[in-house]
>>> print(open('structure.cif').read())   # mmCIF, C-alpha atoms and all ligand atoms
data_upload
loop_
_atom_site.label_atom_id
_atom_site.label_comp_id
_atom_site.auth_asym_id
_atom_site.auth_seq_id
_atom_site.Cartn_x
_atom_site.Cartn_y
_atom_site.Cartn_z
CA MET A 94 4.65 -0.76 3.74
CA ARG A 95 3.95 -4.25 2.48
CA LEU A 96 0.35 -5.49 2.31
CA ASP A 97 -0.74 -9.06 1.66
CA VAL A 98 -4.38 -10.06 1.24
CA VAL A 99 -5.68 -13.65 1.14
CA SER A 100 -9.15 -14.22 -0.32
CA ILE A 101 -11.19 -16.73 -2.34
CA PHE A 102 -12.29 -13.69 -4.37
CA PRO A 103 -8.96 -11.97 -5.24
CA GLU A 104 -10.71 -9.88 -7.89
CA TYR A 105 -12.62 -8.21 -5.02
CA LEU A 106 -9.38 -6.34 -4.25
CA ALA A 107 -9.06 -4.88 -7.78
CA PRO A 108 -10.23 -1.41 -6.60
CA LEU A 109 -6.88 -1.14 -4.78
CA ASP A 110 -5.31 -0.63 -8.23
CA LEU A 111 -7.28 2.59 -8.62
CA SER A 112 -6.92 6.20 -7.49
CA LEU A 113 -4.56 7.20 -4.68
CA ILE A 114 -3.85 3.67 -3.53
CA GLY A 115 -2.96 2.61 -7.05
CA LYS A 116 -0.70 5.62 -7.44
CA ALA A 117 0.98 4.87 -4.09
CA ARG A 118 1.72 1.38 -5.38
CA ARG A 119 3.14 2.73 -8.65
CA ASP A 120 5.20 5.25 -6.66
CA GLY A 121 6.60 2.42 -4.56
CA LEU A 122 5.08 3.72 -1.30
CA LEU A 123 3.02 0.58 -0.95
CA GLY A 124 3.52 -3.05 -1.96
CA LEU A 125 0.35 -5.10 -2.41
CA HIS A 126 0.26 -8.87 -2.92
CA VAL A 127 -3.13 -10.55 -3.34
CA HIS A 128 -3.26 -14.32 -2.86
CA ASP A 129 -6.03 -16.73 -3.89
CA LEU A 130 -6.68 -19.07 -0.96
CA ARG A 131 -7.55 -21.84 -3.43
CA ASP A 132 -3.92 -21.85 -4.58
CA PHE A 133 -3.20 -23.44 -1.20
CA THR A 134 -5.58 -26.38 -1.70
CA HIS A 135 -4.56 -29.72 -3.19
CA ASP A 136 -7.79 -31.48 -4.08
CA ARG A 137 -9.41 -31.53 -7.49
CA HIS A 138 -12.23 -29.23 -6.36
CA ARG A 139 -9.90 -26.81 -4.57
CA THR A 140 -12.06 -27.13 -1.45
CA VAL A 141 -11.87 -24.37 1.16
CA ASP A 142 -14.94 -25.08 3.31
CA ASP A 143 -16.72 -27.86 5.13
CA THR A 144 -19.64 -28.42 7.53
CA PRO A 145 -19.29 -27.10 11.12
CA TYR A 146 -18.47 -29.53 13.94
CA GLY A 147 -21.30 -29.35 16.47
CA GLY A 148 -23.85 -28.59 13.74
CA GLY A 149 -25.31 -25.24 12.81
CA ALA A 150 -26.13 -23.48 9.57
CA GLY A 151 -23.66 -22.72 6.82
CA MET A 152 -20.09 -23.82 6.22
CA VAL A 153 -16.78 -23.09 7.94
CA MET A 154 -13.47 -22.39 6.19
CA LYS A 155 -11.08 -25.35 6.49
CA PRO A 156 -7.85 -24.79 8.47
CA GLU A 157 -5.36 -26.47 6.09
CA PRO A 158 -5.45 -23.96 3.20
CA TRP A 159 -5.29 -21.04 5.63
CA GLY A 160 -2.37 -22.55 7.52
CA GLU A 161 -0.43 -23.08 4.29
CA ALA A 162 -1.25 -19.63 2.95
CA LEU A 163 -0.26 -17.80 6.13
CA ASP A 164 2.93 -19.85 6.55
CA HIS A 165 3.86 -19.15 2.92
CA ILE A 166 3.37 -15.41 3.33
CA ALA A 167 5.16 -15.13 6.68
CA GLY A 168 8.10 -16.96 5.13
CA GLN A 169 8.46 -14.24 2.49
CA GLY A 170 9.80 -11.62 4.86
CA ASP A 171 12.11 -11.33 7.83
CA SER A 172 9.94 -9.14 10.09
CA ARG A 173 6.87 -10.18 12.11
CA PRO A 174 3.74 -9.07 10.28
CA THR A 175 0.43 -8.00 11.77
CA LEU A 176 -2.41 -10.30 10.69
CA ILE A 177 -5.75 -8.54 10.46
CA VAL A 178 -8.81 -10.75 10.28
CA PRO A 179 -12.05 -8.82 9.77
CA GLY A 180 -14.99 -10.25 11.69
CA PRO A 181 -18.30 -8.95 13.14
CA GLY A 182 -17.06 -9.90 16.59
CA GLY A 183 -13.79 -8.01 16.29
CA THR A 184 -12.37 -4.91 17.92
CA PRO A 185 -14.02 -1.84 16.33
CA PHE A 186 -11.86 -0.31 13.60
CA THR A 187 -11.27 3.36 14.39
CA GLN A 188 -9.11 6.21 13.13
CA ALA A 189 -6.84 5.60 16.12
CA MET A 190 -6.36 1.99 14.96
CA ALA A 191 -5.75 3.23 11.39
CA ARG A 192 -3.01 5.52 12.71
CA GLU A 193 -1.48 2.67 14.68
CA LEU A 194 -1.57 0.27 11.71
CA ALA A 195 0.00 2.94 9.47
CA GLN A 196 3.11 2.68 11.67
CA GLN A 197 3.55 -1.01 10.88
CA ASP A 198 5.77 -2.11 8.00
CA TRP A 199 3.86 -5.29 7.06
CA LEU A 200 0.13 -5.95 7.24
CA VAL A 201 -1.46 -9.26 6.17
CA PHE A 202 -5.23 -9.47 5.76
CA ALA A 203 -7.22 -12.72 5.94
CA CYS A 204 -10.62 -12.45 4.24
CA GLY A 205 -13.01 -14.99 5.68
CA ARG A 206 -16.20 -16.10 3.97
CA TYR A 207 -19.08 -18.49 4.80
CA GLU A 208 -19.56 -18.53 8.61
CA GLY A 209 -15.91 -17.76 9.28
CA ILE A 210 -12.53 -19.47 9.60
CA ASP A 211 -11.70 -22.52 11.78
CA GLU A 212 -10.56 -21.13 15.16
CA ARG A 213 -7.35 -23.14 15.11
CA VAL A 214 -6.07 -20.94 12.27
CA TYR A 215 -6.02 -17.91 14.59
CA GLU A 216 -4.09 -19.96 17.16
CA HIS A 217 -1.66 -21.30 14.54
CA ALA A 218 -1.05 -17.80 13.14
CA ARG A 219 0.03 -16.41 16.53
CA SER A 220 3.43 -18.09 16.20
CA ALA A 221 4.36 -15.91 13.20
CA TYR A 222 1.94 -12.95 13.41
CA ASP A 223 0.48 -10.41 15.78
CA VAL A 224 -3.16 -11.38 15.23
CA ARG A 225 -5.94 -8.74 15.34
CA VAL A 226 -9.64 -9.50 14.77
CA VAL A 227 -11.22 -6.24 13.59
CA SER A 228 -14.84 -5.20 13.04
CA LEU A 229 -15.84 -2.53 10.53
CA GLY A 230 -19.09 -1.88 12.41
CA ASP A 231 -22.06 -3.52 14.07
CA TYR A 232 -23.56 -5.13 10.99
CA VAL A 233 -22.85 -8.41 9.21
CA LEU A 234 -21.18 -8.53 5.80
CA ASN A 235 -20.82 -11.71 3.73
CA GLY A 236 -17.05 -11.78 4.07
CA GLY A 237 -13.94 -9.84 4.95
CA GLU A 238 -13.10 -8.30 1.55
CA VAL A 239 -15.20 -5.13 1.87
CA ALA A 240 -13.76 -4.56 5.34
CA VAL A 241 -10.21 -5.01 3.98
CA LEU A 242 -10.83 -2.44 1.24
CA ALA A 243 -11.98 0.05 3.87
CA ILE A 244 -9.14 -0.67 6.29
CA VAL A 245 -6.47 -0.52 3.55
CA GLU A 246 -7.84 2.81 2.29
CA ALA A 247 -8.01 4.32 5.81
CA VAL A 248 -4.44 3.17 6.61
CA ALA A 249 -2.75 3.85 3.24
CA ARG A 250 -4.00 7.44 3.07
CA LEU A 251 -2.09 8.15 6.30
CA LEU A 252 1.24 7.10 4.78
CA PRO A 253 3.57 10.00 3.88
CA GLY A 254 3.25 10.92 0.21
CA VAL A 255 0.01 9.05 -0.47
CA ILE A 256 -2.29 12.04 0.06
CA GLY A 257 -0.94 15.05 -1.85
CA ASN A 258 -1.99 17.63 0.73
CA ALA A 259 -1.13 16.26 4.18
CA ALA A 260 -2.87 19.30 5.72
CA SER A 261 -6.22 17.78 4.72
CA LEU A 262 -5.54 14.89 7.10
CA VAL A 263 -5.63 17.18 10.12
CA GLU A 264 -9.14 18.61 10.50
CA GLU A 265 -11.11 15.66 9.22
CA SER A 266 -13.66 13.71 11.18
CA HIS A 267 -12.32 11.54 13.96
CA GLU A 268 -8.79 12.88 13.66
CA ASP A 269 -9.30 14.97 16.79
CA GLY A 270 -12.62 13.70 18.09
CA LEU A 271 -14.90 16.09 16.19
CA LEU A 272 -16.81 15.67 12.93
CA GLU A 273 -15.76 17.76 9.93
CA TYR A 274 -17.04 21.26 9.10
CA PRO A 275 -19.21 21.88 5.98
CA VAL A 276 -17.37 22.68 2.76
CA TYR A 277 -18.37 24.89 -0.19
CA THR A 278 -16.96 25.82 -3.60
CA LYS A 279 -17.95 27.95 -6.60
CA PRO A 280 -20.50 29.14 -7.63
CA ALA A 281 -21.26 31.52 -4.72
CA GLN A 282 -24.99 31.16 -5.50
CA TRP A 283 -26.52 27.82 -6.49
CA ASP A 284 -30.09 26.57 -6.36
CA GLY A 285 -31.02 29.90 -4.70
CA ARG A 286 -28.59 29.06 -1.89
CA ALA A 287 -25.65 31.24 -0.91
CA VAL A 288 -22.30 30.29 0.57
CA PRO A 289 -22.01 31.49 4.22
CA ASP A 290 -20.69 35.10 4.13
CA VAL A 291 -17.95 34.32 6.65
CA LEU A 292 -16.24 32.10 4.07
CA LEU A 293 -16.10 34.99 1.58
CA SER A 294 -14.78 37.44 4.21
CA GLY A 295 -11.09 36.65 3.89
CA ASP A 296 -10.90 36.92 7.68
CA HIS A 297 -9.03 33.68 8.38
CA GLY A 298 -9.33 33.92 12.16
CA ARG A 299 -13.10 34.36 11.88
CA ILE A 300 -13.31 31.52 9.36
CA ALA A 301 -11.36 29.18 11.66
CA ARG A 302 -13.64 30.04 14.60
CA TRP A 303 -16.77 29.51 12.47
CA ARG A 304 -15.48 26.14 11.24
CA HIS A 305 -14.66 25.01 14.77
CA GLU A 306 -18.16 26.02 15.92
CA GLN A 307 -19.65 24.09 12.98
CA ARG A 308 -17.68 21.01 14.00
CA LEU A 309 -18.91 21.25 17.57
CA THR A 310 -22.54 21.79 16.48
CA ARG A 311 -22.45 18.90 14.01
CA THR A 312 -20.83 16.54 16.48
CA ALA A 313 -23.39 17.46 19.16
CA ALA A 314 -26.20 16.75 16.69
CA ARG A 315 -24.89 13.58 15.07
CA ARG A 316 -22.38 12.06 17.47
CA PRO A 317 -22.90 13.31 21.04
CA ASP A 318 -20.99 10.23 22.17
CA LEU A 319 -17.85 11.68 20.59
CA LEU A 320 -18.45 15.16 21.91
CA HIS A 321 -18.51 14.41 25.63
CA ALA A 322 -15.45 12.17 25.40
CA SER A 323 -13.32 14.62 23.45
CA ALA A 324 -14.58 17.85 25.09
CA THR A 325 -13.24 16.59 28.37
CA LEU A 326 -9.88 16.17 26.69
CA ARG A 327 -10.03 19.55 24.95
CA GLY A 328 -11.79 21.53 27.66
CA ASP A 329 -14.30 22.96 25.13
CA ASP A 330 -17.52 24.64 26.18
CA LEU A 331 -20.26 22.43 24.76
CA PRO A 332 -22.83 24.23 22.50
CA GLY A 333 -25.86 25.13 24.62
CA GLU A 334 -23.92 24.65 27.82
CA LEU A 335 -22.63 27.59 29.90
N1 LIG B 401 -17.84 -5.62 10.57
C1 LIG B 401 -18.11 -6.81 9.94
C2 LIG B 401 -17.17 -7.77 9.51
C3 LIG B 401 -17.93 -8.78 8.95
C4 LIG B 401 -17.44 -10.06 8.41
C5 LIG B 401 -16.06 -10.27 8.23
C6 LIG B 401 -15.60 -11.49 7.81
C7 LIG B 401 -16.50 -12.52 7.55
C8 LIG B 401 -16.37 -13.86 7.17
C9 LIG B 401 -17.64 -14.40 7.07
N2 LIG B 401 -18.52 -13.43 7.38
C10 LIG B 401 -19.97 -13.63 7.34
C11 LIG B 401 -20.52 -14.05 8.65
C12 LIG B 401 -19.82 -13.89 9.82
C13 LIG B 401 -20.40 -14.27 11.05
C14 LIG B 401 -21.65 -14.83 11.06
C15 LIG B 401 -22.28 -15.26 12.36
N3 LIG B 401 -22.08 -16.73 12.59
C16 LIG B 401 -22.95 -17.11 13.69
C17 LIG B 401 -22.78 -18.59 14.02
C18 LIG B 401 -21.34 -18.89 14.39
C19 LIG B 401 -20.43 -18.47 13.25
C20 LIG B 401 -20.66 -17.00 12.90
C21 LIG B 401 -22.34 -14.99 9.87
C22 LIG B 401 -21.76 -14.61 8.66
C23 LIG B 401 -17.88 -12.28 7.69
C24 LIG B 401 -18.35 -11.05 8.11
N4 LIG B 401 -19.22 -8.46 9.04
N5 LIG B 401 -19.30 -7.25 9.64
#
>>> encode(input="structure.cif", output="structure tokens", more="lines below")
Ligand SMILES: Nc1cc(-c2ccc3ccn(Cc4ccc(CN5CCCCC5)cc4)c3c2)n[nH]1
Amino acid sequence: MRLDVVSIFPEYLAPLDLSLIGKARRDGLLGLHVHDLRDFTHDRHRTVDDTPYGGGAGMVMKPEPWGEALDHIAGQGDSRPTLIVPGPGGTPFTQAMARELAQQDWLVFACGRYEGIDERVYEHARSAYDVRVVSLGDYVLNGGEVAVLAIVEAVARLLPGVIGNAASLVEESHEDGLLEYPVYTKPAQWDGRAVPDVLLSGDHGRIARWRHEQRLTRTAARRPDLLHASATLRGDDLPGEL
């Protein structure tokens, strides 16, 4: 998979050199190209923003640098990339979307700042990209970079070979509509607290049932919205319901 990221703060993407994503890049599973939007300006001040037509607070990102940057990137490959533009008004990013994006072979991320990017850039990009505006959640960040770090991590970890133990991708939160079960490790006693006996029993069938029950209980407590949707799909008996 090839990833391109355009930002006025390219150093914001440095964490993608670390840990599993960094290793995936060194192993050739992932190609990452970070571009400074200011490299696509031509004035002395390398201007990327201006005042909004129609008035209003803040500044808007100018269309010209974005148009040049996105045209330059699209011209570097022969397939049609997916352009992901984080924004508070976007489609919610979910594990299902992460799985779908992990099937693509080329993702390009546009990191907006200020009050956002001139709307004509989205329209221009549609000739060369499948454009997706994506929200990380119902809160407002200062720009797209943090969202891109999260999206890249969620997508890259699904690629074969990036996560050592693919089995750990199965029973995690949101993979099948339930939150994850609690985990424990040595020592068996800590802070006057014991590990649940079932986990020391060696009875793998009993452990699996206990973990599933824990997932149902946790989801009912923390995310009942998930539980009713997925229980219908799975036909589970809901905790506390006959
Ligand atoms: N999930 C999530 C993603 C983001 C995100 C992503 C990308 C950018 C680029 C800039 N910002 C900051 C921002 C965006 C919108 C407003 C509202 N403003 C009202 C008046 C008309 C223009 C828009 C304010 C500041 C971003 C924020 N936040 N949260």
>>> residues_near_ligand(input="structure.cif", ligand="ligand LIG 401 (chain B)", cutoff="8 Å", atoms="all atoms listed in the file", output="VMD selection string")
chain A and resid 149 to 150 153 178 to 183 185 204 to 210 227 to 238 240
>>> closest_residue(input="structure.cif", among="A:Ala189, A:Ile244, A:Ala314, A:Leu176", to="A:Arg225", atoms="all atoms listed in the file")
A:Leu176
>>> atom_distance(input="structure.cif", atom1="atom CA of A:Leu194", atom2="atom CA of A:Leu125")
15.2 Å
>>> residues_near_point(input="structure.cif", point="(4.3, -2.8, 1.7)", cutoff="9 Å", atoms="all atoms listed in the file", output="VMD selection string")
chain A and resid 94 to 97 118 121 to 126 198 to 200
>>> write_last_selection(input="structure.cif", atoms="C-alpha atoms", output="mmCIF file, in the frame of the given file")
data_model
loop_
_atom_site.group_PDB
_atom_site.id
_atom_site.type_symbol
_atom_site.label_atom_id
_atom_site.label_comp_id
_atom_site.auth_asym_id
_atom_site.auth_seq_id
_atom_site.Cartn_x
_atom_site.Cartn_y
_atom_site.Cartn_z
ATOM 1 C CA MET A 94 4.650 -0.760 3.740
ATOM 2 C CA ARG A 95 3.950 -4.250 2.480
ATOM 3 C CA LEU A 96 0.350 -5.490 2.310
ATOM 4 C CA ASP A 97 -0.740 -9.060 1.660
ATOM 5 C CA ARG A 118 1.720 1.380 -5.380
ATOM 6 C CA GLY A 121 6.600 2.420 -4.560
ATOM 7 C CA LEU A 122 5.080 3.720 -1.300
ATOM 8 C CA LEU A 123 3.020 0.580 -0.950
ATOM 9 C CA GLY A 124 3.520 -3.050 -1.960
ATOM 10 C CA LEU A 125 0.350 -5.100 -2.410
ATOM 11 C CA HIS A 126 0.260 -8.870 -2.920
ATOM 12 C CA ASP A 198 5.770 -2.110 8.000
ATOM 13 C CA TRP A 199 3.860 -5.290 7.060
ATOM 14 C CA LEU A 200 0.130 -5.950 7.240
#
>>> closest_residue(input="structure.cif", among="A:Glu212, A:Ala221, A:Trp159, A:Thr187", to="A:Arg173", atoms="all atoms listed in the file")
A:Ala221
>>> closest_residue(input="structure.cif", among="A:Thr175, A:Val127, A:Pro275, A:Ile101", to="A:Thr140", atoms="only C-alpha atoms")
A:Ile101
>>> residues_around(input="structure.cif", residues="A:Leu293", least_positions_apart="5", cutoff="9 Å", atoms="all atoms listed in the file", output="MDAnalysis selection string")
chainID A and resid 281 288 300
>>> build_atoms(input="structure.cif", residues="stretch 178-189 of chain A", atoms="all heavy atoms", output="compact mmCIF listing (two decimals), keeping the file's coordinate frame")
# COMPACT_ATOMS: atom_id res chain seq x y z
N VAL A 178 -7.73 -9.89 10.74
CA VAL A 178 -8.81 -10.75 10.28
C VAL A 178 -10.12 -10.03 10.55
O VAL A 178 -10.53 -9.91 11.72
CB VAL A 178 -8.80 -12.11 11.00
CG1 VAL A 178 -9.79 -13.07 10.33
CG2 VAL A 178 -7.41 -12.73 11.01
N PRO A 179 -10.76 -9.47 9.53
CA PRO A 179 -12.05 -8.82 9.77
C PRO A 179 -13.09 -9.84 10.27
O PRO A 179 -13.09 -10.99 9.83
CB PRO A 179 -12.45 -8.30 8.38
CG PRO A 179 -11.16 -8.19 7.63
CD PRO A 179 -10.33 -9.31 8.14
N GLY A 180 -13.92 -9.39 11.18
CA GLY A 180 -14.99 -10.25 11.69
C GLY A 180 -15.99 -9.40 12.46
O GLY A 180 -15.60 -8.40 13.09
N PRO A 181 -17.29 -9.76 12.43
CA PRO A 181 -18.30 -8.95 13.14
C PRO A 181 -18.05 -8.91 14.64
O PRO A 181 -18.50 -8.01 15.33
CB PRO A 181 -19.62 -9.64 12.79
CG PRO A 181 -19.28 -11.00 12.32
CD PRO A 181 -17.88 -10.94 11.79
N GLY A 182 -17.31 -9.88 15.14
CA GLY A 182 -17.06 -9.90 16.59
C GLY A 182 -15.72 -9.31 16.95
O GLY A 182 -15.20 -9.52 18.06
N GLY A 183 -15.13 -8.54 16.03
CA GLY A 183 -13.79 -8.01 16.29
C GLY A 183 -13.77 -6.70 17.05
O GLY A 183 -14.81 -6.12 17.37
N THR A 184 -12.57 -6.23 17.31
CA THR A 184 -12.37 -4.91 17.92
C THR A 184 -12.76 -3.83 16.90
O THR A 184 -12.37 -3.93 15.74
CB THR A 184 -10.87 -4.71 18.26
OG1 THR A 184 -10.46 -5.79 19.07
CG2 THR A 184 -10.62 -3.38 18.96
N PRO A 185 -13.59 -2.86 17.31
CA PRO A 185 -14.02 -1.84 16.33
C PRO A 185 -12.84 -1.13 15.67
O PRO A 185 -11.91 -0.70 16.35
CB PRO A 185 -14.84 -0.87 17.18
CG PRO A 185 -15.30 -1.67 18.35
CD PRO A 185 -14.20 -2.65 18.63
N PHE A 186 -12.89 -1.03 14.35
CA PHE A 186 -11.86 -0.31 13.60
C PHE A 186 -12.13 1.19 13.75
O PHE A 186 -13.24 1.65 13.51
CB PHE A 186 -11.91 -0.70 12.13
CG PHE A 186 -10.85 -0.03 11.31
CD1 PHE A 186 -9.50 -0.27 11.55
CD2 PHE A 186 -11.19 0.86 10.29
CE1 PHE A 186 -8.51 0.36 10.79
CE2 PHE A 186 -10.21 1.49 9.54
CZ PHE A 186 -8.88 1.25 9.79
N THR A 187 -11.12 1.92 14.19
CA THR A 187 -11.27 3.36 14.39
C THR A 187 -10.09 4.10 13.74
O THR A 187 -9.11 3.48 13.33
CB THR A 187 -11.21 3.68 15.90
OG1 THR A 187 -9.91 3.26 16.38
CG2 THR A 187 -12.30 2.97 16.68
N GLN A 188 -10.20 5.41 13.69
CA GLN A 188 -9.11 6.21 13.13
C GLN A 188 -7.84 6.02 13.96
O GLN A 188 -6.74 5.99 13.42
CB GLN A 188 -9.51 7.70 13.11
CG GLN A 188 -8.54 8.58 12.34
CD GLN A 188 -8.48 8.28 10.85
OE1 GLN A 188 -9.38 7.65 10.30
NE2 GLN A 188 -7.40 8.68 10.21
N ALA A 189 -8.02 5.83 15.26
CA ALA A 189 -6.84 5.60 16.12
C ALA A 189 -6.15 4.29 15.71
O ALA A 189 -4.93 4.22 15.63
CB ALA A 189 -7.27 5.55 17.57
